[in-house]
file run24.cif (mmCIF, C-alpha atoms)
data_query
loop_
_atom_site.label_atom_id
_atom_site.label_comp_id
_atom_site.auth_asym_id
_atom_site.auth_seq_id
_atom_site.Cartn_x
_atom_site.Cartn_y
_atom_site.Cartn_z
CA MET A 827 7.32 -20.72 63.23
CA LYS A 828 8.90 -24.18 63.28
CA THR A 829 11.87 -25.08 61.09
CA GLN A 830 10.67 -25.78 57.53
CA THR A 831 12.35 -28.10 55.04
CA PHE A 832 12.61 -26.65 51.56
CA TYR A 833 14.15 -27.64 48.25
CA ILE A 834 15.58 -25.67 45.35
CA VAL A 835 15.04 -27.15 41.90
CA ASP A 836 15.70 -26.02 38.34
CA VAL A 837 12.66 -26.52 36.11
CA PHE A 838 12.68 -27.01 32.32
CA ALA A 839 16.39 -27.64 32.79
CA GLU A 840 18.67 -30.10 30.99
CA LYS A 841 21.24 -29.77 33.80
CA LYS A 842 21.83 -27.79 37.01
CA TYR A 843 21.89 -24.00 36.83
CA THR A 844 19.77 -23.83 33.70
CA GLY A 845 16.00 -23.48 33.46
CA ASN A 846 13.91 -21.61 36.01
CA GLN A 847 14.72 -21.71 39.73
CA LEU A 848 12.05 -22.65 42.24
CA ALA A 849 11.94 -23.01 46.03
CA VAL A 850 9.47 -25.60 47.36
CA PHE A 851 8.45 -25.79 51.04
CA ARG A 852 6.89 -28.94 52.47
CA ASP A 853 4.43 -29.48 55.37
CA ALA A 854 3.58 -25.76 55.29
CA LYS A 855 0.06 -25.86 56.78
CA ASP A 856 1.15 -23.86 59.84
CA ILE A 857 2.70 -21.02 57.84
CA SER A 858 0.38 -18.02 57.63
CA ASP A 859 -0.43 -16.20 54.40
CA ASP A 860 1.71 -13.24 55.46
CA GLU A 861 4.63 -15.52 56.28
CA MET A 862 4.33 -17.28 52.92
CA GLN A 863 4.46 -13.90 51.23
CA GLN A 864 7.48 -12.86 53.29
CA ILE A 865 9.29 -16.12 52.57
CA ALA A 866 8.66 -15.67 48.84
CA GLN A 867 10.20 -12.21 49.12
CA GLU A 868 13.22 -13.64 50.95
CA MET A 869 13.72 -16.45 48.41
CA HIS A 870 13.36 -13.86 45.62
CA PHE A 871 12.74 -16.38 42.85
CA SER A 872 9.95 -15.64 40.38
CA GLU A 873 7.76 -18.05 42.41
CA THR A 874 7.95 -20.04 45.64
CA THR A 875 5.54 -22.89 46.40
CA PHE A 876 4.16 -24.33 49.63
CA ILE A 877 2.95 -27.95 49.95
CA LEU A 878 0.45 -27.64 52.80
CA SER A 879 0.69 -31.27 53.90
CA ASP A 880 3.08 -34.12 53.19
CA GLU A 881 0.00 -36.35 52.76
CA PRO A 882 -2.53 -36.03 49.92
CA TYR A 883 -6.17 -35.21 50.62
CA GLU A 884 -8.77 -36.86 48.39
CA GLY A 885 -5.98 -37.89 46.03
CA ALA A 886 -4.43 -34.43 45.58
CA TYR A 887 -1.77 -32.32 47.27
CA ASP A 888 -2.80 -28.82 48.33
CA VAL A 889 -0.25 -26.33 47.00
CA ARG A 890 -0.06 -22.55 47.05
CA ILE A 891 2.08 -20.43 44.72
CA PHE A 892 3.52 -17.03 45.65
CA THR A 893 5.55 -14.51 43.72
CA PRO A 894 7.50 -11.95 45.79
CA GLN A 895 4.45 -9.67 45.38
CA GLU A 896 1.32 -11.83 45.44
CA GLU A 897 -0.28 -15.25 45.36
CA LEU A 898 -1.01 -16.77 41.93
CA PRO A 899 -3.85 -19.15 41.01
CA PHE A 900 -1.57 -21.07 38.65
CA ALA A 901 1.95 -21.02 37.25
CA GLY A 902 3.66 -23.60 35.07
CA HIS A 903 7.18 -24.16 36.31
CA PRO A 904 6.07 -24.15 39.99
CA THR A 905 3.54 -26.88 39.17
CA LEU A 906 6.12 -29.17 37.54
CA GLY A 907 8.81 -28.42 40.13
CA THR A 908 6.50 -29.03 43.07
CA ALA A 909 5.19 -32.29 41.61
CA TYR A 910 8.80 -33.41 41.18
CA VAL A 911 9.57 -32.72 44.85
CA ILE A 912 6.42 -34.60 45.90
CA GLN A 913 7.40 -37.64 43.85
CA GLN A 914 11.09 -37.59 44.83
CA GLU A 915 10.89 -36.56 48.49
CA LEU A 916 7.41 -37.48 49.74
CA ILE A 917 6.28 -40.50 47.71
CA ARG A 918 9.83 -41.74 46.98
CA ARG A 919 8.87 -44.30 44.35
CA PRO A 920 7.90 -44.18 40.67
CA VAL A 921 4.27 -43.14 40.13
CA GLU A 922 2.42 -42.36 36.93
CA GLN A 923 0.74 -39.21 38.20
CA VAL A 924 0.66 -36.61 40.97
CA ILE A 925 -2.30 -34.24 41.26
CA LEU A 926 -1.89 -30.73 42.64
CA ARG A 927 -4.87 -28.83 44.01
CA LEU A 928 -4.17 -25.18 43.13
CA LYS A 929 -6.29 -22.04 43.31
CA VAL A 930 -7.21 -22.55 39.65
CA GLY A 931 -8.27 -26.17 40.22
CA TRP A 932 -6.84 -29.67 40.05
CA ILE A 933 -3.76 -29.96 37.84
CA PRO A 934 -2.48 -33.49 37.05
CA VAL A 935 1.24 -34.00 36.41
CA THR A 936 2.36 -37.22 34.71
CA PHE A 937 5.82 -38.82 34.83
CA GLN A 938 7.85 -40.72 32.26
CA TYR A 939 10.82 -42.73 33.53
CA ARG A 940 14.04 -44.25 32.32
CA GLY A 941 14.42 -47.04 34.85
CA GLU A 942 13.54 -45.28 38.10
CA ARG A 943 14.87 -41.91 36.99
CA VAL A 944 12.33 -39.29 35.95
CA GLU A 945 13.00 -38.51 32.29
CA GLU A 946 10.09 -36.21 31.42
CA MET A 947 7.19 -34.58 33.24
CA TRP A 948 3.95 -33.28 31.72
CA MET A 949 1.13 -31.15 33.10
CA LYS A 950 -2.31 -30.69 31.59
CA GLN A 951 -3.50 -27.10 31.60
CA ILE A 952 -7.07 -25.89 31.66
CA ASN A 953 -8.90 -24.82 28.50
CA PRO A 954 -7.48 -21.52 27.20
CA ILE A 955 -9.52 -18.35 27.37
CA PHE A 956 -8.82 -15.93 24.52
CA GLY A 957 -9.01 -12.26 25.38
CA PRO A 958 -8.70 -9.07 23.35
CA THR A 959 -6.38 -8.61 20.40
CA PHE A 960 -4.09 -5.61 20.03
CA GLU A 961 -2.63 -3.45 17.30
CA VAL A 962 0.96 -3.91 16.16
CA LYS A 963 1.61 -0.26 16.95
CA ASP A 964 0.93 -1.00 20.63
CA PHE A 965 4.16 -2.97 20.85
CA VAL A 966 6.61 -1.34 18.43
CA LYS A 967 7.83 1.37 20.79
CA MET A 968 7.14 -0.65 23.93
CA LEU A 969 9.52 -3.39 22.74
CA ARG A 970 11.86 -0.89 21.03
CA LEU A 971 11.45 -2.68 17.70
CA ASP A 972 10.64 -1.70 14.15
CA GLU A 973 7.11 -2.21 12.85
CA ASP A 974 8.45 -4.70 10.31
CA ASP A 975 9.77 -6.92 13.15
CA ILE A 976 6.24 -7.92 14.23
CA ASN A 977 4.42 -10.58 12.20
CA PRO A 978 1.20 -9.01 10.86
CA LYS A 979 -0.26 -12.35 9.72
CA PHE A 980 -1.25 -13.25 13.28
CA PRO A 981 -2.78 -11.18 16.09
CA ALA A 982 -1.11 -10.06 19.28
CA GLN A 983 -3.57 -11.39 21.84
CA GLU A 984 -4.26 -11.93 25.51
CA VAL A 985 -4.59 -15.64 26.43
CA SER A 986 -5.07 -17.35 29.78
CA THR A 987 -4.88 -20.95 31.02
CA GLY A 988 -5.10 -19.76 34.62
CA THR A 989 -2.67 -16.86 34.45
CA PRO A 990 -3.03 -14.47 31.47
CA PHE A 991 -0.23 -13.48 29.11
CA ILE A 992 -0.05 -11.33 25.99
CA ILE A 993 1.31 -13.24 22.99
CA VAL A 994 3.21 -11.17 20.40
CA PRO A 995 4.49 -12.95 17.25
CA LEU A 996 7.76 -11.67 15.78
CA LYS A 997 9.33 -12.59 12.45
CA THR A 998 12.96 -13.39 13.30
CA LEU A 999 15.30 -14.46 16.08
CA ASP A 1000 17.19 -11.22 15.55
CA ALA A 1001 14.04 -9.28 16.44
CA VAL A 1002 13.53 -11.39 19.57
CA LYS A 1003 17.13 -10.77 20.64
CA ARG A 1004 16.87 -6.99 20.06
CA ALA A 1005 13.64 -6.54 22.04
CA ARG A 1006 13.91 -4.35 25.13
CA ILE A 1007 11.05 -3.20 27.36
CA ASP A 1008 10.33 0.51 27.61
CA GLN A 1009 9.27 0.63 31.25
CA GLU A 1010 7.06 3.70 31.02
CA LEU A 1011 5.12 2.48 27.97
CA TYR A 1012 4.83 -1.04 29.41
CA PHE A 1013 3.35 0.05 32.73
CA ASP A 1014 0.99 2.49 31.01
CA PHE A 1015 -0.20 -0.31 28.73
CA ILE A 1016 -0.85 -2.98 31.39
CA GLU A 1017 -2.98 -0.61 33.46
CA ASN A 1018 -5.77 -1.52 31.02
CA THR A 1019 -5.08 -5.24 30.54
CA GLN A 1020 -5.74 -8.29 32.67
CA ALA A 1021 -2.41 -9.80 31.56
CA LYS A 1022 0.69 -8.20 33.05
CA ALA A 1023 3.39 -10.20 31.23
CA ILE A 1024 4.33 -10.30 27.55
CA LEU A 1025 5.56 -13.33 25.60
CA ILE A 1026 7.35 -12.72 22.30
CA PHE A 1027 8.52 -15.48 19.98
CA SER A 1028 9.92 -16.27 16.57
CA PRO A 1029 10.15 -19.42 14.41
CA ASP A 1030 13.94 -18.96 14.22
CA THR A 1031 15.88 -20.75 16.97
CA TYR A 1032 19.39 -21.14 18.34
CA HIS A 1033 19.20 -24.93 17.88
CA ALA A 1034 17.87 -26.66 14.78
CA GLY A 1035 15.97 -29.29 16.79
CA ASN A 1036 13.73 -26.64 18.35
CA HIS A 1037 10.69 -25.02 16.78
CA LEU A 1038 10.32 -21.63 18.51
CA ASN A 1039 12.43 -19.19 20.51
CA VAL A 1040 10.58 -17.41 23.31
CA ARG A 1041 11.19 -14.54 25.70
CA VAL A 1042 8.84 -13.50 28.53
CA PHE A 1043 8.92 -10.03 30.11
CA ALA A 1044 7.22 -9.74 33.50
CA ASP A 1045 8.43 -6.49 35.06
CA TYR A 1046 5.09 -6.11 36.85
CA TYR A 1047 6.08 -9.15 38.96
CA ARG A 1048 9.61 -7.73 39.43
CA VAL A 1049 10.94 -10.33 37.00
CA PRO A 1050 12.42 -8.33 34.12
CA GLU A 1051 12.76 -11.56 32.13
CA ASP A 1052 11.72 -15.10 33.01
CA PRO A 1053 14.06 -17.90 31.91
CA ALA A 1054 11.33 -20.56 31.51
CA THR A 1055 7.60 -20.02 31.87
CA GLY A 1056 5.24 -23.00 31.76
CA ALA A 1057 2.04 -20.99 32.14
CA ALA A 1058 3.03 -18.55 29.40
CA ASN A 1059 4.02 -21.36 27.04
CA GLY A 1060 0.72 -23.12 27.76
CA CYS A 1061 -1.01 -19.93 26.65
CA LEU A 1062 1.25 -19.87 23.60
CA ALA A 1063 0.29 -23.48 22.79
CA GLY A 1064 -3.39 -22.53 22.84
CA TRP A 1065 -2.67 -19.48 20.67
CA LEU A 1066 -0.68 -21.54 18.14
CA VAL A 1067 -3.54 -24.00 17.71
CA GLU A 1068 -6.27 -21.34 17.70
CA HIS A 1069 -4.57 -19.42 14.88
CA ARG A 1070 -3.19 -22.48 13.02
CA TYR A 1071 0.31 -21.02 13.22
CA PHE A 1072 1.82 -24.25 11.89
CA GLY A 1073 -1.12 -24.84 9.53
CA GLU A 1074 -2.83 -27.46 11.73
CA ASP A 1075 -5.12 -27.66 14.74
CA ARG A 1076 -2.53 -29.61 16.73
CA ILE A 1077 1.12 -29.16 17.72
CA ASP A 1078 3.94 -31.25 19.17
CA ILE A 1079 6.95 -28.94 19.46
CA ARG A 1080 10.07 -27.97 21.42
CA VAL A 1081 10.45 -24.40 22.66
CA GLU A 1082 13.68 -22.77 23.81
CA GLN A 1083 13.70 -19.89 26.28
CA GLY A 1084 16.14 -18.05 28.52
CA TYR A 1085 19.09 -18.06 26.14
CA GLU A 1086 19.35 -14.28 26.13
CA ILE A 1087 19.82 -14.15 29.92
CA GLY A 1088 22.18 -17.11 30.31
CA ARG A 1089 19.58 -19.59 31.67
CA PRO A 1090 18.89 -21.81 28.63
CA SER A 1091 15.67 -23.76 29.03
CA LEU A 1092 13.72 -26.30 27.02
CA LEU A 1093 9.97 -26.83 27.14
CA TYR A 1094 7.83 -29.38 25.30
CA LEU A 1095 4.39 -28.34 24.08
CA LYS A 1096 1.54 -30.55 22.88
CA ALA A 1097 -1.90 -29.23 22.06
CA GLU A 1098 -4.92 -30.27 20.00
CA ALA A 1099 -8.20 -28.50 19.27
CA LYS A 1100 -11.24 -30.61 20.11
CA GLY A 1101 -14.38 -28.71 19.23
CA GLU A 1102 -14.73 -25.76 21.59
CA GLU A 1103 -11.90 -26.97 23.82
CA THR A 1104 -8.15 -27.37 23.38
CA ASP A 1105 -6.13 -30.01 25.19
CA ILE A 1106 -2.82 -28.43 26.27
CA PHE A 1107 0.16 -30.23 27.78
CA VAL A 1108 3.42 -28.59 28.84
CA GLY A 1109 6.42 -30.79 29.59
CA GLY A 1110 10.06 -30.68 30.55
CA ASN A 1111 12.71 -31.86 32.96
CA VAL A 1112 13.41 -30.92 36.59
CA VAL A 1113 16.80 -31.07 38.34
CA MET A 1114 17.29 -31.09 42.11
CA VAL A 1115 19.81 -28.43 43.24
CA ALA A 1116 19.70 -28.18 47.04
CA ARG A 1117 17.85 -28.97 50.25
CA GLY A 1118 17.74 -26.65 53.26
CA GLU A 1119 16.02 -25.66 56.48
CA PHE A 1120 14.18 -22.35 56.90
CA ILE A 1121 14.12 -21.19 60.52
#
call {"tool": "encode", "arguments": {"input": "run24.cif", "output": "structure tokens"}}
result
Amino acid sequence: MKTQTFYIVDVFAEKKYTGNQLAVFRDAKDISDDEMQQIAQEMHFSETTFILSDEPYEGAYDVRIFTPQEELPFAGHPTLGTAYVIQQELIRRPVEQVILRLKVGWIPVTFQYRGERVEEMWMKQINPIFGPTFEVKDFVKMLRLDEDDINPKFPAQEVSTGTPFIIVPLKTLDAVKRARIDQELYFDFIENTQAKAILIFSPDTYHAGNHLNVRVFADYYRVPEDPATGAANGCLAGWLVEHRYFGEDRIDIRVEQGYEIGRPSLLYLKAEAKGEETDIFVGGNVVMVARGEFI
């Protein structure tokens, strides 16, 4: 295999060494599936992405996303991080939009600038699919919480915008902070669910300017806790609108994640119900950390 250029970026980060880490490989068309999987294992981030060609095809860049265990059809922070690398390192000039062709389909990423510096990035996710709902009792022992910690006004539910997650509403930030996964109960539970990761949240936050605090547990993917999860928060955005969590069929909010594991992250969510469909946009910032060569 030839030497491959790769980049490490922090996604949904306000500065370096916050947010979610991502490795992005460019011009990866000659890397086999097995090698991509092995590289993802070596990088050992929650995901690693591969831009198959430095040139777009039919207006889109072909990109594949791998966890250390498997390939994913879609994931949020890899989409934003990869689009950032394409704009910064391949296009090298301000553009309004970059389109990624993923397993789940075409995902457009838009850019907002301050001068020539990227200030915000946004990706549009596909229409959410709402799966089964679950009983509160399913999560009390699994999350090592009290029954009163879980908000009974809204359902715990499986939601997917390409990758499925289980959304569990809690009442307080204290409950979110106390949550711990019982491994045995968790793995027994996900044997019967399409979603393998659990998002919990509360309306209490560390910072007054934010609207929700989120944690995502993904032990199935060997990620005990993810510091910033675009796909999961896209699912959350659909869930919030579907169940009118804020009393309306639209949202424009800021979500904090990763504080409990020392990787504070900030995600922007916009969503609006339009008949049988919901427009969902997930945004944030990306910071370049390093460039290297993989031999």
call {"tool": "residues_around", "arguments": {"input": "run24.cif", "residues": "stretch 866-877 of chain A", "least_positions_apart": "6", "cutoff": "8 Å", "atoms": "only C-alpha atoms", "output": "list in words"}}
result
Gln847, Leu848, Ala849, Val850, Phe851, Arg852, Asp853, Ala854, Lys855, Tyr887, Asp888, Val889, Arg890, Ile891, Phe892, Thr893, Pro894, Gln895, Pro904, Thr908, Tyr1047, Arg1048, Val1049 and Asp1052 of chain A
call {"tool": "write_last_selection", "arguments": {"input": "run24.cif", "atoms": "C-alpha atoms", "output": "short mmCIF file (atom, residue, chain, number, x, y, z; two decimals), in the frame of the given file"}}
result
data_model
loop_
_atom_site.label_atom_id
_atom_site.label_comp_id
_atom_site.auth_asym_id
_atom_site.auth_seq_id
_atom_site.Cartn_x
_atom_site.Cartn_y
_atom_site.Cartn_z
CA GLN A 847 14.72 -21.71 39.73
CA LEU A 848 12.05 -22.65 42.24
CA ALA A 849 11.94 -23.01 46.03
CA VAL A 850 9.47 -25.60 47.36
CA PHE A 851 8.45 -25.79 51.04
CA ARG A 852 6.89 -28.94 52.47
CA ASP A 853 4.43 -29.48 55.37
CA ALA A 854 3.58 -25.76 55.29
CA LYS A 855 0.06 -25.86 56.78
CA TYR A 887 -1.77 -32.32 47.27
CA ASP A 888 -2.80 -28.82 48.33
CA VAL A 889 -0.25 -26.33 47.00
CA ARG A 890 -0.06 -22.55 47.05
CA ILE A 891 2.08 -20.43 44.72
CA PHE A 892 3.52 -17.03 45.65
CA THR A 893 5.55 -14.51 43.72
CA PRO A 894 7.50 -11.95 45.79
CA GLN A 895 4.45 -9.67 45.38
CA PRO A 904 6.07 -24.15 39.99
CA THR A 908 6.50 -29.03 43.07
CA TYR A 1047 6.08 -9.15 38.96
CA ARG A 1048 9.61 -7.73 39.43
CA VAL A 1049 10.94 -10.33 37.00
CA ASP A 1052 11.72 -15.10 33.01
#
call {"tool": "resolve_selection", "arguments": {"input": "run24.cif", "expression": "the PyMOL selection byres ((chain A and resi 1070-1075) around 9)", "output": "MDAnalysis selection string"}}
result
chainID A and resid 980 1065:1069 1076:1077 1097:1100
call {"tool": "resolve_selection", "arguments": {"input": "run24.cif", "expression": "the PyMOL selection byres ((chain A and resi 962-969) around 9)", "output": "list in words"}}
result
Phe960, Glu961, Arg970, Leu971, Asp972, Glu973, Asp974, Asp975, Ile976, Asn977, Pro978, Pro981, Ala982, Val994, Arg1004, Ala1005, Arg1006, Ile1007, Asp1008, Gln1009, Glu1010, Leu1011, Tyr1012 and Phe1015 of chain A
call {"tool": "closest_residue", "arguments": {"input": "run24.cif", "among": "A:Leu1025, A:Leu1038, A:Ile865, A:Ala886", "to": "A:Gln830", "atoms": "only C-alpha atoms"}}
result
A:Ile865
call {"tool": "atom_distance", "arguments": {"input": "run24.cif", "atom1": "atom CA of A:Ile1079", "atom2": "atom CA of A:Ala1063"}}
result
9.2 Å
call {"tool": "closest_residue", "arguments": {"input": "run24.cif", "among": "A:Glu915, A:Asp856, A:Glu1082, A:Asp1014", "to": "A:Phe838", "atoms": "only C-alpha atoms"}}
result
A:Glu1082
call {"tool": "closest_residue", "arguments": {"input": "run24.cif", "among": "A:Ala1054, A:Ala1044, A:Ala1001, A:Leu1095", "to": "A:Asp1030", "atoms": "all atoms listed in the file"}}
result
A:Ala1001
call {"tool": "closest_residue", "arguments": {"input": "run24.cif", "among": "A:Ala1057, A:Val911, A:Val835, A:Ile992", "to": "A:Gln951", "atoms": "only C-alpha atoms"}}
result
A:Ala1057
call {"tool": "resolve_selection", "arguments": {"input": "run24.cif", "expression": "the PyMOL selection byres ((chain A and resi 899) around 6)", "output": "CSV table (one decimal) with C-alpha atoms, keeping the file's coordinate frame"}}
result
chain,number,residue,atom,x,y,z
A,898,LEU,CA,-1.0,-16.8,41.9
A,900,PHE,CA,-1.6,-21.1,38.6
A,929,LYS,CA,-6.3,-22.0,43.3
A,930,VAL,CA,-7.2,-22.6,39.6
call {"tool": "atom_distance", "arguments": {"input": "run24.cif", "atom1": "atom CA of A:Arg919", "atom2": "atom CA of A:Met947"}}
result
14.9 Å
call {"tool": "residues_around", "arguments": {"input": "run24.cif", "residues": "A:Val924", "least_positions_apart": "2", "cutoff": "7 Å", "atoms": "all atoms listed in the file", "output": "PDB file with C-alpha atoms, in the coordinates of the input"}}
result
ATOM      1  CA  ALA A 909       5.190 -32.290  41.610  1.00  0.00           C
ATOM      2  CA  LEU A 926      -1.890 -30.730  42.640  1.00  0.00           C
ATOM      3  CA  PRO A 934      -2.480 -33.490  37.050  1.00  0.00           C
ATOM      4  CA  VAL A 935       1.240 -34.000  36.410  1.00  0.00           C
ATOM      5  CA  THR A 936       2.360 -37.220  34.710  1.00  0.00           C
TER       6      THR A 936
END
